[in-house]
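For reference, input.cif is printed below; it contains mmCIF, C-alpha atoms and all ligand atoms.
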```cif
data_target
loop_
_atom_site.group_PDB
_atom_site.id
_atom_site.type_symbol
_atom_site.label_atom_id
_atom_site.label_comp_id
_atom_site.auth_asym_id
_atom_site.auth_seq_id
_atom_site.Cartn_x
_atom_site.Cartn_y
_atom_site.Cartn_z
ATOM 1 C CA MET A 1 0.000 0.000 0.000
ATOM 2 C CA LYS A 2 1.374 3.417 -0.894
ATOM 3 C CA LYS A 3 1.526 5.852 2.002
ATOM 4 C CA PRO A 4 0.067 9.357 1.744
ATOM 5 C CA ALA A 5 2.573 12.209 1.834
ATOM 6 C CA ALA A 6 1.249 13.126 5.254
ATOM 7 C CA CYS A 7 -0.983 10.769 7.134
ATOM 8 C CA LEU A 8 -2.781 10.620 10.417
ATOM 9 C CA SER A 9 -1.257 8.653 13.244
ATOM 10 C CA ARG A 10 -3.125 5.461 14.035
ATOM 11 C CA ARG A 11 -4.232 7.012 17.336
ATOM 12 C CA GLN A 12 -5.560 10.176 15.642
ATOM 13 C CA PHE A 13 -7.327 8.134 13.009
ATOM 14 C CA ILE A 14 -9.047 5.817 15.459
ATOM 15 C CA ALA A 15 -10.116 8.806 17.544
ATOM 16 C CA LEU A 16 -11.608 10.496 14.501
ATOM 17 C CA ALA A 17 -13.300 7.395 13.175
ATOM 18 C CA GLY A 18 -14.890 6.798 16.531
ATOM 19 C CA HIS A 19 -16.114 10.281 17.252
ATOM 20 C CA GLY A 20 -17.242 11.798 13.984
ATOM 21 C CA ALA A 21 -18.956 15.084 14.746
ATOM 22 C CA ALA A 22 -17.018 15.598 17.937
ATOM 23 C CA ALA A 23 -13.837 15.278 15.951
ATOM 24 C CA LEU A 24 -14.757 18.346 13.927
ATOM 25 C CA THR A 25 -15.004 20.328 17.111
ATOM 26 C CA LEU A 26 -11.783 18.960 18.506
ATOM 27 C CA LEU A 27 -9.790 19.470 15.373
ATOM 28 C CA ASN A 28 -7.878 22.591 14.663
ATOM 29 C CA LEU A 29 -9.627 22.876 11.297
ATOM 30 C CA PRO A 30 -7.239 24.050 8.610
ATOM 31 C CA PHE A 31 -9.638 26.320 6.732
ATOM 32 C CA GLU A 32 -8.111 29.126 4.780
ATOM 33 C CA GLY A 33 -11.295 31.007 3.918
ATOM 34 C CA HIS A 34 -13.183 31.324 7.171
ATOM 35 C CA ALA A 35 -13.517 29.687 10.519
ATOM 36 C CA ALA A 36 -15.806 26.738 11.140
ATOM 37 C CA ALA A 37 -19.344 27.588 12.192
ATOM 38 C CA PRO A 38 -20.173 27.306 15.897
ATOM 39 C CA GLY A 39 -20.390 23.782 17.301
ATOM 40 C CA GLY A 40 -17.838 22.353 14.892
ATOM 41 C CA LYS A 41 -20.185 22.547 11.930
ATOM 42 C CA VAL A 42 -18.784 23.416 8.527
ATOM 43 C CA ARG A 43 -20.076 24.958 5.333
ATOM 44 C CA ILE A 44 -20.276 22.499 2.476
ATOM 45 C CA GLY A 45 -20.589 23.526 -1.170
ATOM 46 C CA VAL A 46 -22.006 20.794 -3.392
ATOM 47 C CA VAL A 47 -21.084 20.988 -7.088
ATOM 48 C CA GLY A 48 -23.436 18.577 -8.846
ATOM 49 C CA SER A 49 -26.731 18.038 -7.105
ATOM 50 C CA GLY A 50 -27.771 14.755 -8.720
ATOM 51 C CA ASN A 51 -27.957 11.347 -7.062
ATOM 52 C CA VAL A 52 -24.723 11.646 -5.082
ATOM 53 C CA GLY A 53 -24.764 15.371 -4.348
ATOM 54 C CA THR A 54 -28.347 15.243 -3.121
ATOM 55 C CA ALA A 55 -27.852 12.121 -0.987
ATOM 56 C CA LEU A 56 -24.715 13.367 0.769
ATOM 57 C CA GLY A 57 -25.766 17.013 0.966
ATOM 58 C CA ARG A 58 -29.033 16.002 2.580
ATOM 59 C CA LEU A 59 -27.246 13.877 5.202
ATOM 60 C CA TRP A 60 -24.816 16.650 6.080
ATOM 61 C CA ALA A 61 -27.580 19.255 6.269
ATOM 62 C CA GLN A 62 -29.518 16.932 8.573
ATOM 63 C CA ALA A 63 -26.373 16.615 10.686
ATOM 64 C CA GLY A 64 -26.364 20.389 11.141
ATOM 65 C CA HIS A 65 -23.861 21.565 8.537
ATOM 66 C CA GLN A 66 -24.715 24.427 6.187
ATOM 67 C CA VAL A 67 -24.980 23.020 2.654
ATOM 68 C CA MET A 68 -25.242 24.954 -0.624
ATOM 69 C CA PHE A 69 -26.335 22.897 -3.660
ATOM 70 C CA SER A 70 -25.286 23.847 -7.180
ATOM 71 C CA SER A 71 -25.449 22.627 -10.765
ATOM 72 C CA ARG A 72 -26.401 24.253 -14.061
ATOM 73 C CA SER A 73 -30.063 24.150 -12.966
ATOM 74 C CA LEU A 74 -30.491 26.776 -10.280
ATOM 75 C CA ASP A 75 -34.273 26.473 -10.117
ATOM 76 C CA ALA A 76 -34.032 22.737 -9.413
ATOM 77 C CA ASP A 77 -31.427 23.411 -6.737
ATOM 78 C CA LYS A 78 -33.663 26.011 -5.117
ATOM 79 C CA THR A 79 -36.483 23.460 -5.035
ATOM 80 C CA LEU A 80 -34.155 20.860 -3.532
ATOM 81 C CA ALA A 81 -32.905 23.268 -0.879
ATOM 82 C CA LYS A 82 -36.452 24.209 0.016
ATOM 83 C CA GLU A 83 -37.430 20.545 0.323
ATOM 84 C CA ILE A 84 -34.468 19.782 2.604
ATOM 85 C CA GLY A 85 -35.220 22.882 4.616
ATOM 86 C CA ALA A 86 -32.977 23.758 7.534
ATOM 87 C CA ASN A 87 -29.328 24.335 6.636
ATOM 88 C CA ALA A 88 -29.801 24.008 2.860
ATOM 89 C CA SER A 89 -29.443 26.691 0.199
ATOM 90 C CA ALA A 90 -28.818 26.901 -3.548
ATOM 91 C CA GLY A 91 -26.471 28.862 -5.791
ATOM 92 C CA SER A 92 -24.228 28.607 -8.835
ATOM 93 C CA PRO A 93 -21.133 26.362 -8.728
ATOM 94 C CA LYS A 94 -19.095 29.541 -8.215
ATOM 95 C CA ASP A 95 -21.305 30.528 -5.269
ATOM 96 C CA ALA A 96 -21.026 27.018 -3.775
ATOM 97 C CA VAL A 97 -17.237 27.009 -3.967
ATOM 98 C CA ALA A 98 -17.028 30.477 -2.428
ATOM 99 C CA PHE A 99 -19.480 29.390 0.311
ATOM 100 C CA GLY A 100 -17.946 26.068 1.275
ATOM 101 C CA ASP A 101 -15.150 25.253 3.657
ATOM 102 C CA VAL A 102 -15.452 21.829 2.078
ATOM 103 C CA ILE A 103 -16.584 21.254 -1.518
ATOM 104 C CA LEU A 104 -18.160 18.000 -2.705
ATOM 105 C CA PHE A 105 -17.677 17.438 -6.439
ATOM 106 C CA ALA A 106 -20.330 15.040 -7.722
ATOM 107 C CA VAL A 107 -20.536 15.682 -11.467
ATOM 108 C CA PRO A 108 -19.874 13.489 -14.503
ATOM 109 C CA TYR A 109 -16.088 13.371 -14.912
ATOM 110 C CA ARG A 110 -16.274 15.106 -18.294
ATOM 111 C CA ALA A 111 -17.478 18.284 -16.522
ATOM 112 C CA LEU A 112 -14.292 18.626 -14.453
ATOM 113 C CA PRO A 113 -11.960 20.277 -17.022
ATOM 114 C CA ASP A 114 -14.242 23.281 -17.609
ATOM 115 C CA LEU A 115 -15.339 23.509 -13.986
ATOM 116 C CA GLY A 116 -11.704 23.394 -12.917
ATOM 117 C CA LYS A 117 -10.875 26.344 -15.189
ATOM 118 C CA GLU A 118 -13.965 28.332 -14.249
ATOM 119 C CA LEU A 119 -13.588 27.791 -10.512
ATOM 120 C CA ALA A 120 -9.792 27.772 -10.236
ATOM 121 C CA PRO A 121 -9.263 30.968 -8.224
ATOM 122 C CA ALA A 122 -11.979 30.118 -5.687
ATOM 123 C CA LEU A 123 -10.918 26.473 -5.396
ATOM 124 C CA LYS A 124 -7.361 27.246 -4.378
ATOM 125 C CA GLY A 125 -6.772 25.857 -0.880
ATOM 126 C CA LYS A 126 -10.297 24.431 -0.524
ATOM 127 C CA ILE A 127 -10.875 20.950 0.809
ATOM 128 C CA VAL A 128 -12.513 18.946 -1.980
ATOM 129 C CA ILE A 129 -14.228 15.578 -1.707
ATOM 130 C CA ASP A 130 -13.954 14.018 -5.162
ATOM 131 C CA ALA A 131 -16.758 11.526 -5.724
ATOM 132 C CA CYS A 132 -16.446 11.719 -9.523
ATOM 133 C CA ASN A 133 -15.692 8.609 -11.541
ATOM 134 C CA PRO A 134 -14.295 8.488 -15.053
ATOM 135 C CA PHE A 135 -16.373 6.303 -17.401
ATOM 136 C CA PRO A 136 -15.263 6.314 -21.061
ATOM 137 C CA ASP A 137 -18.763 5.426 -22.308
ATOM 138 C CA ARG A 138 -20.269 8.397 -20.518
ATOM 139 C CA ASP A 139 -17.412 10.883 -20.318
ATOM 140 C CA GLY A 140 -15.377 10.254 -23.474
ATOM 141 C CA ASP A 141 -11.599 10.572 -23.845
ATOM 142 C CA ILE A 142 -11.063 12.440 -20.592
ATOM 143 C CA ALA A 143 -12.105 9.261 -18.786
ATOM 144 C CA ASN A 144 -9.484 7.161 -20.582
ATOM 145 C CA TRP A 145 -6.849 9.736 -19.659
ATOM 146 C CA ALA A 146 -8.038 9.831 -16.027
ATOM 147 C CA ARG A 147 -8.049 6.055 -15.701
ATOM 148 C CA GLU A 148 -4.548 5.832 -17.101
ATOM 149 C CA LYS A 149 -3.246 8.539 -14.786
ATOM 150 C CA GLY A 150 -5.363 7.393 -11.838
ATOM 151 C CA ALA A 151 -8.568 9.142 -10.862
ATOM 152 C CA GLY A 152 -7.142 10.962 -7.824
ATOM 153 C CA LEU A 153 -4.076 12.405 -9.553
ATOM 154 C CA ALA A 154 -6.141 13.270 -12.616
ATOM 155 C CA SER A 155 -8.683 15.174 -10.522
ATOM 156 C CA SER A 156 -5.909 17.109 -8.809
ATOM 157 C CA GLU A 157 -4.590 18.161 -12.220
ATOM 158 C CA LEU A 158 -8.071 19.261 -13.303
ATOM 159 C CA LEU A 159 -8.798 21.095 -10.026
ATOM 160 C CA PRO A 160 -5.408 22.691 -9.349
ATOM 161 C CA GLY A 161 -4.762 24.034 -5.878
ATOM 162 C CA ALA A 162 -7.629 22.086 -4.302
ATOM 163 C CA ARG A 163 -6.875 19.835 -1.337
ATOM 164 C CA ILE A 164 -8.464 16.704 -2.744
ATOM 165 C CA VAL A 165 -9.630 13.616 -0.910
ATOM 166 C CA ARG A 166 -11.277 10.906 -2.988
ATOM 167 C CA GLY A 167 -14.260 9.273 -1.375
ATOM 168 C CA PHE A 168 -17.813 7.962 -1.885
ATOM 169 C CA ASN A 169 -16.784 6.682 -5.329
ATOM 170 C CA ALA A 170 -17.916 3.101 -5.399
ATOM 171 C CA ILE A 171 -21.063 2.681 -3.383
ATOM 172 C CA PRO A 172 -24.448 3.339 -4.977
ATOM 173 C CA ALA A 173 -25.926 6.748 -4.197
ATOM 174 C CA ALA A 174 -29.146 5.015 -3.189
ATOM 175 C CA ARG A 175 -27.269 3.337 -0.312
ATOM 176 C CA MET A 176 -25.508 6.438 0.966
ATOM 177 C CA GLY A 177 -28.238 7.214 3.454
ATOM 178 C CA ALA A 178 -28.278 3.685 4.829
ATOM 179 C CA ALA A 179 -24.926 3.521 6.593
ATOM 180 C CA ASN A 180 -26.230 5.209 9.729
ATOM 181 C CA LYS A 181 -28.845 2.527 10.154
ATOM 182 C CA GLN A 182 -26.627 -0.470 9.600
ATOM 183 C CA PRO A 183 -24.442 -1.915 12.334
ATOM 184 C CA PRO A 184 -21.706 -3.052 12.036
ATOM 185 C CA ARG A 185 -20.297 -0.029 10.312
ATOM 186 C CA ILE A 186 -19.514 -0.111 6.615
ATOM 187 C CA GLY A 187 -16.042 1.046 5.662
ATOM 188 C CA MET A 188 -15.481 3.999 3.357
ATOM 189 C CA PRO A 189 -12.144 3.973 1.557
ATOM 190 C CA ILE A 190 -10.686 7.439 1.143
ATOM 191 C CA ALA A 191 -7.398 8.589 -0.386
ATOM 192 C CA GLY A 192 -5.571 11.897 -0.182
ATOM 193 C CA ASP A 193 -2.256 13.637 0.327
ATOM 194 C CA ASP A 194 -3.251 16.604 2.493
ATOM 195 C CA LYS A 195 -3.295 15.780 6.198
ATOM 196 C CA GLY A 196 -5.638 18.595 7.198
ATOM 197 C CA ALA A 197 -8.084 17.771 4.415
ATOM 198 C CA ILE A 198 -8.019 14.088 5.362
ATOM 199 C CA GLU A 199 -8.833 14.978 8.979
ATOM 200 C CA VAL A 200 -11.852 17.048 8.030
ATOM 201 C CA VAL A 201 -13.162 14.556 5.468
ATOM 202 C CA THR A 202 -12.603 11.693 7.913
ATOM 203 C CA ALA A 203 -14.860 13.410 10.417
ATOM 204 C CA LEU A 204 -17.551 14.178 7.811
ATOM 205 C CA VAL A 205 -17.536 10.594 6.520
ATOM 206 C CA SER A 206 -17.739 9.209 10.020
ATOM 207 C CA GLU A 207 -20.538 11.539 10.975
ATOM 208 C CA ILE A 208 -22.909 10.077 8.394
ATOM 209 C CA GLY A 209 -22.302 6.532 9.518
ATOM 210 C CA TYR A 210 -19.322 5.143 7.641
ATOM 211 C CA GLU A 211 -15.996 4.142 9.111
ATOM 212 C CA PRO A 212 -13.412 6.006 7.038
ATOM 213 C CA VAL A 213 -10.434 3.942 5.969
ATOM 214 C CA LEU A 214 -7.489 5.905 4.629
ATOM 215 C CA VAL A 215 -6.082 3.593 1.974
ATOM 216 C CA GLY A 216 -3.213 5.863 0.975
ATOM 217 C CA GLY A 217 -2.279 8.986 -0.920
ATOM 218 C CA LEU A 218 -4.056 10.461 -3.902
ATOM 219 C CA ALA A 219 -2.248 8.014 -6.187
ATOM 220 C CA MET A 220 -4.301 5.264 -4.521
ATOM 221 C CA GLY A 221 -7.397 7.086 -5.800
ATOM 222 C CA ARG A 222 -7.015 5.045 -8.983
ATOM 223 C CA HIS A 223 -8.452 2.124 -7.020
ATOM 224 C CA LEU A 224 -11.458 4.091 -5.759
ATOM 225 C CA ILE A 225 -13.716 3.550 -8.742
ATOM 226 C CA PRO A 226 -16.562 1.127 -9.462
ATOM 227 C CA GLY A 227 -15.341 -2.268 -10.571
ATOM 228 C CA SER A 228 -12.128 -2.166 -8.522
ATOM 229 C CA PRO A 229 -11.457 -4.689 -5.736
ATOM 230 C CA LEU A 230 -12.276 -1.925 -3.212
ATOM 231 C CA ALA A 231 -15.683 -1.174 -4.704
ATOM 232 C CA GLY A 232 -18.918 -1.989 -2.934
ATOM 233 C CA GLU A 233 -19.884 -2.200 0.710
ATOM 234 C CA ARG A 234 -17.129 -3.785 2.744
ATOM 235 C CA SER A 235 -16.111 -3.917 6.362
ATOM 236 C CA PRO A 236 -13.213 -1.668 7.400
ATOM 237 C CA ALA A 237 -11.064 -4.778 7.980
ATOM 238 C CA GLU A 238 -11.786 -6.063 4.460
ATOM 239 C CA ILE A 239 -10.879 -2.694 2.976
ATOM 240 C CA ARG A 240 -7.572 -2.584 4.860
ATOM 241 C CA LYS A 241 -6.723 -6.124 3.739
ATOM 242 C CA ILE A 242 -7.551 -5.462 0.089
ATOM 243 C CA ALA A 243 -5.745 -2.109 0.075
ATOM 244 C CA ALA A 244 -2.627 -3.703 1.539
ATOM 245 C CA GLY A 245 -2.471 -6.026 -1.461
ATOM 246 C CA LEU A 246 -2.875 -3.367 -4.155
HETATM 247 N N1 LIG A 301 -24.825 7.382 -8.854
HETATM 248 C C1 LIG A 301 -24.030 6.691 -8.071
HETATM 249 O O1 LIG A 301 -24.458 5.692 -7.470
HETATM 250 C C2 LIG A 301 -22.602 7.125 -7.854
HETATM 251 C C3 LIG A 301 -21.886 6.616 -6.772
HETATM 252 C C4 LIG A 301 -20.577 7.061 -6.540
HETATM 253 C C5 LIG A 301 -19.999 7.987 -7.407
HETATM 254 N N2 LIG A 301 -20.701 8.445 -8.489
HETATM 255 C C6 LIG A 301 -20.061 9.445 -9.370
HETATM 256 O O2 LIG A 301 -20.459 10.728 -8.874
HETATM 257 C C7 LIG A 301 -20.680 11.628 -9.966
HETATM 258 C C8 LIG A 301 -22.113 12.085 -9.950
HETATM 259 O O3 LIG A 301 -22.969 10.964 -10.127
HETATM 260 P P1 LIG A 301 -24.549 11.130 -10.023
HETATM 261 O O4 LIG A 301 -25.105 9.767 -10.145
HETATM 262 O O5 LIG A 301 -24.887 11.959 -8.854
HETATM 263 O O6 LIG A 301 -24.841 11.933 -11.366
HETATM 264 P P2 LIG A 301 -26.166 12.706 -11.747
HETATM 265 O O7 LIG A 301 -27.317 12.216 -10.949
HETATM 266 O O8 LIG A 301 -26.230 12.686 -13.233
HETATM 267 O O9 LIG A 301 -25.852 14.201 -11.252
HETATM 268 C C9 LIG A 301 -24.869 14.986 -11.840
HETATM 269 C C10 LIG A 301 -25.063 16.395 -11.342
HETATM 270 O O10 LIG A 301 -24.037 17.217 -11.906
HETATM 271 C C11 LIG A 301 -24.634 18.363 -12.524
HETATM 272 N N3 LIG A 301 -23.761 18.782 -13.596
HETATM 273 C C12 LIG A 301 -23.474 18.142 -14.742
HETATM 274 N N4 LIG A 301 -22.608 18.861 -15.472
HETATM 275 C C13 LIG A 301 -22.349 19.978 -14.761
HETATM 276 C C14 LIG A 301 -21.532 21.119 -15.000
HETATM 277 N N5 LIG A 301 -20.804 21.256 -16.108
HETATM 278 N N6 LIG A 301 -21.495 22.091 -14.067
HETATM 279 C C15 LIG A 301 -22.226 21.972 -12.918
HETATM 280 N N7 LIG A 301 -23.025 20.917 -12.652
HETATM 281 C C16 LIG A 301 -23.082 19.929 -13.570
HETATM 282 C C17 LIG A 301 -25.991 17.885 -12.969
HETATM 283 O O11 LIG A 301 -26.945 18.925 -13.112
HETATM 284 P P3 LIG A 301 -27.132 19.777 -14.458
HETATM 285 O O12 LIG A 301 -26.992 18.815 -15.602
HETATM 286 O O13 LIG A 301 -28.484 20.374 -14.301
HETATM 287 O O14 LIG A 301 -26.039 20.787 -14.420
HETATM 288 C C18 LIG A 301 -26.381 17.023 -11.770
HETATM 289 O O15 LIG A 301 -26.873 17.836 -10.724
HETATM 290 C C19 LIG A 301 -20.300 10.869 -11.228
HETATM 291 O O16 LIG A 301 -18.972 11.146 -11.579
HETATM 292 C C20 LIG A 301 -20.471 9.411 -10.815
HETATM 293 O O17 LIG A 301 -19.686 8.539 -11.586
HETATM 294 C C21 LIG A 301 -21.986 8.043 -8.729
#
```

Would it be possible to restate this file's structure as structure tokens?
Amino acid sequence: MKKPAACLSRRQFIALAGHGAAALTLLNLPFEGHAAAPGGKVRIGVVGSGNVGTALGRLWAQAGHQVMFSSRSLDADKTLAKEIGANASAGSPKDAVAFGDVILFAVPYRALPDLGKELAPALKGKIVIDACNPFPDRDGDIANWAREKGAGLASSELLPGARIVRGFNAIPAARMGAANKQPPRIGMPIAGDDKGAIEVVTALVSEIGYEPVLVGGLAMGRHLIPGSPLAGERSPAEIRKIAAGL
């Protein structure tokens, strides 16, 4: 298993995985834009409010974080925000990136090159959760390039300056709301190079019911796609065992 450039100590990681929301409060959150909201809550900008963006944004809003949904369909996002109610709002992708301490990207992979250019100044230094998967049939040549390079490293080239953590890539969106209700906990493989970003994402993943498993640096993101040995719902122990053999 490749090691991330900077990784959490085992003790830190176990503490975070076990405490979720509390971890956000305890952490010295490395936000560059603005401080965390009171009570350890953060502002989350969602770019792509389809199956994944809606499922995760809803869970985080219900957990008390401020969530702004965005896509190219502002009216639909306003309707979604109204339906979710407390803590939800809608804006353009630019608004969502400016708003968020943490940005969830949940768009078809082919949208990343233009979004990366359009949002580059605002994305610099932001923590980004990259749920996007490259599928040649859907996304065209960019997906072949991303698969060859590895999805994590490719995303970091397309979203320069962002502090990327790959996660939520290979479980169905329809199951994302189920983890809270399902003991024992399902593992969520994540990969990233930025220690502060990993800490924050670890807490957010844990808070909605998954046990985050850091499988390595962003280069390991190539394995966080559907169809890989790490895909699907697995126990944390299974994920660690599989990742160790990759
Ligand atoms: N579905 C799953 O089970 C699942 C699970 C894990 C990961 N993923 C990955 O997560 C990503 C999203 O999947 P999804 O199923 O949520 O897709 P989806 O339901 O088709 O939603 C995509 C969202 O992105 C928006 N979008 C598309 N192009 C955009 C652009 N250029 N700028 C801003 N917004 C744009 C779409 O809205 P507009 O078209 O109105 O802009 C829509 O809100 C994909 O890369 C997918 O492979 C999916």

Sorted by chain and rising residue number, list the residues of chain A at most 7 Å from ligand LIG 301 (chain A) (counting only C-alpha atoms and all ligand atoms), each with its closest atom pair and distance in Å to one decimal, as a Markdown table.
```
| residue | atom | partner | partner_atom | distance |
| --- | --- | --- | --- | --- |
| A:Val47 | CA | A:LIG301 | N7 | 5.9 |
| A:Gly48 | CA | A:LIG301 | O10 | 3.4 |
| A:Ser49 | CA | A:LIG301 | O15 | 3.6 |
| A:Gly50 | CA | A:LIG301 | O9 | 3.2 |
| A:Asn51 | CA | A:LIG301 | O5 | 3.6 |
| A:Val52 | CA | A:LIG301 | O5 | 3.8 |
| A:Gly53 | CA | A:LIG301 | O5 | 5.7 |
| A:Ser70 | CA | A:LIG301 | N7 | 6.6 |
| A:Ser71 | CA | A:LIG301 | N7 | 3.5 |
| A:Arg72 | CA | A:LIG301 | O14 | 3.5 |
| A:Ser73 | CA | A:LIG301 | O13 | 4.3 |
| A:Pro93 | CA | A:LIG301 | C15 | 6.2 |
| A:Ala106 | CA | A:LIG301 | C7 | 4.1 |
| A:Val107 | CA | A:LIG301 | O10 | 3.8 |
| A:Pro108 | CA | A:LIG301 | O16 | 3.9 |
| A:Tyr109 | CA | A:LIG301 | O16 | 4.9 |
| A:Ala111 | CA | A:LIG301 | N5 | 4.5 |
| A:Leu115 | CA | A:LIG301 | N5 | 6.3 |
| A:Ala131 | CA | A:LIG301 | O2 | 4.9 |
| A:Cys132 | CA | A:LIG301 | O16 | 3.3 |
| A:Asn133 | CA | A:LIG301 | O17 | 4.0 |
| A:Pro134 | CA | A:LIG301 | O16 | 6.4 |
| A:Phe168 | CA | A:LIG301 | C4 | 5.5 |
| A:Asn169 | CA | A:LIG301 | C4 | 4.0 |
| A:Ala170 | CA | A:LIG301 | C4 | 4.9 |
| A:Ile171 | CA | A:LIG301 | C3 | 5.3 |
| A:Pro172 | CA | A:LIG301 | O1 | 3.4 |
| A:Ala173 | CA | A:LIG301 | O1 | 3.7 |
| A:Ala174 | CA | A:LIG301 | O1 | 6.4 |
```

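Taking CA of His223 (chain A) and CA of Thr54 (chain A) as the two end points, the separation is 24.1 Å.
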
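The two atoms in question, CA of Ile127 (chain A) and CA of Val102 (chain A), are spaced 4.8 Å apart.
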
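For the set A:Asp77, A:Ala151, A:Pro121, A:Gly85, the residue with the smallest atom-to-atom gap to Pro226 (chain A) is A:Ala151, counting only C-alpha atoms.
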
Would you mind reading off the distance between CA of Gly91 (chain A) and CA of Ile198 (chain A), one decimal, in Å?
26.1 Å

Given the file shown, enumerate the residues that the PyMOL selection byres (((chain A and resi 119) around 12) and not hetatm) captures and present them as a PyMOL selection string.
chain A and resi 47+92-98+103+105+111-118+120-126+158-162

Which residue gives the smallest distance to Arg110 (chain A) among A:Ala197, A:Ala243, A:Ala146, A:Val213, with all atoms listed in the file counted?
A:Ala146

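Nearest-residue note for Met176 (chain A): choosing from A:Val215, A:Met220, A:Gly57, A:Gly152, the minimum distance belongs to A:Gly57, counting all atoms listed in the file.
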
What do you get, as a ChimeraX atom specification, if you spell out every residue that the PyMOL selection byres (((chain A and resi 153) around 12) and not hetatm) selects here?
/A:130,145-152,154-160,162-166,191-193,217-224

Find, counting only C-alpha atoms, the residue in A:Ile84, A:Ile239, A:Ile142, A:Val201 that gets nearest to Ile186 (chain A).
A:Ile239

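Of the residues listed (A:Ile44, A:Val200, A:Leu74, A:Ile208), A:Ile208 shows the shortest atom-to-atom separation from Met188 (chain A); distances use all atoms listed in the file.
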
Expanded to explicit residues, what is the PyMOL selection byres (((chain A and resi 184) around 10) and not hetatm) for this file, as a list in words?
Ala179, Asn180, Lys181, Gln182, Pro183, Arg185, Ile186, Gly187, Gly209, Tyr210, Glu211, Ser235 and Pro236 of chain A

I need the residue nearest Asp101 (chain A) from this list: A:Ala143, A:Ala61, A:Gly45, A:Ala86. Use only C-alpha atoms for the distance.
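Nearest candidate to Asp101 (chain A) out of A:Ala143, A:Ala61, A:Gly45, A:Ala86: A:Gly45.
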
Some atoms are absent from region 173-185 of chain A, so rebuild N, CA and C atoms and return them as a CSV table (one decimal), keeping the file's coordinate frame.
```csv
chain,number,residue,atom,x,y,z
A,173,ALA,N,-25.4,5.6,-4.9
A,173,ALA,CA,-25.9,6.7,-4.2
A,173,ALA,C,-27.2,6.4,-3.4
A,174,ALA,N,-27.9,5.4,-3.9
A,174,ALA,CA,-29.1,5.0,-3.2
A,174,ALA,C,-28.9,4.4,-1.8
A,175,ARG,N,-27.6,4.0,-1.6
A,175,ARG,CA,-27.3,3.3,-0.3
A,175,ARG,C,-26.6,4.3,0.6
A,176,MET,N,-26.3,5.5,0.1
A,176,MET,CA,-25.5,6.4,1.0
A,176,MET,C,-26.2,6.8,2.3
A,177,GLY,N,-27.5,6.8,2.2
A,177,GLY,CA,-28.2,7.2,3.5
A,177,GLY,C,-28.5,6.1,4.4
A,178,ALA,N,-28.0,4.9,4.0
A,178,ALA,CA,-28.3,3.7,4.8
A,178,ALA,C,-27.2,3.4,5.9
A,179,ALA,N,-26.0,3.9,5.7
A,179,ALA,CA,-24.9,3.5,6.6
A,179,ALA,C,-25.2,3.8,8.1
A,180,ASN,N,-25.9,4.9,8.3
A,180,ASN,CA,-26.2,5.2,9.7
A,180,ASN,C,-27.1,4.1,10.4
A,181,LYS,N,-27.9,3.4,9.6
A,181,LYS,CA,-28.8,2.5,10.2
A,181,LYS,C,-28.3,1.1,10.2
A,182,GLN,N,-27.1,0.9,9.8
A,182,GLN,CA,-26.6,-0.5,9.6
A,182,GLN,C,-25.4,-0.9,10.4
A,183,PRO,N,-25.6,-1.4,11.6
A,183,PRO,CA,-24.4,-1.9,12.3
A,183,PRO,C,-24.1,-3.3,11.8
A,184,PRO,N,-22.9,-3.8,11.7
A,184,PRO,CA,-21.7,-3.1,12.0
A,184,PRO,C,-21.4,-2.0,10.9
A,185,ARG,N,-20.5,-1.1,11.2
A,185,ARG,CA,-20.3,0.0,10.3
A,185,ARG,C,-19.7,-0.5,9.0
```
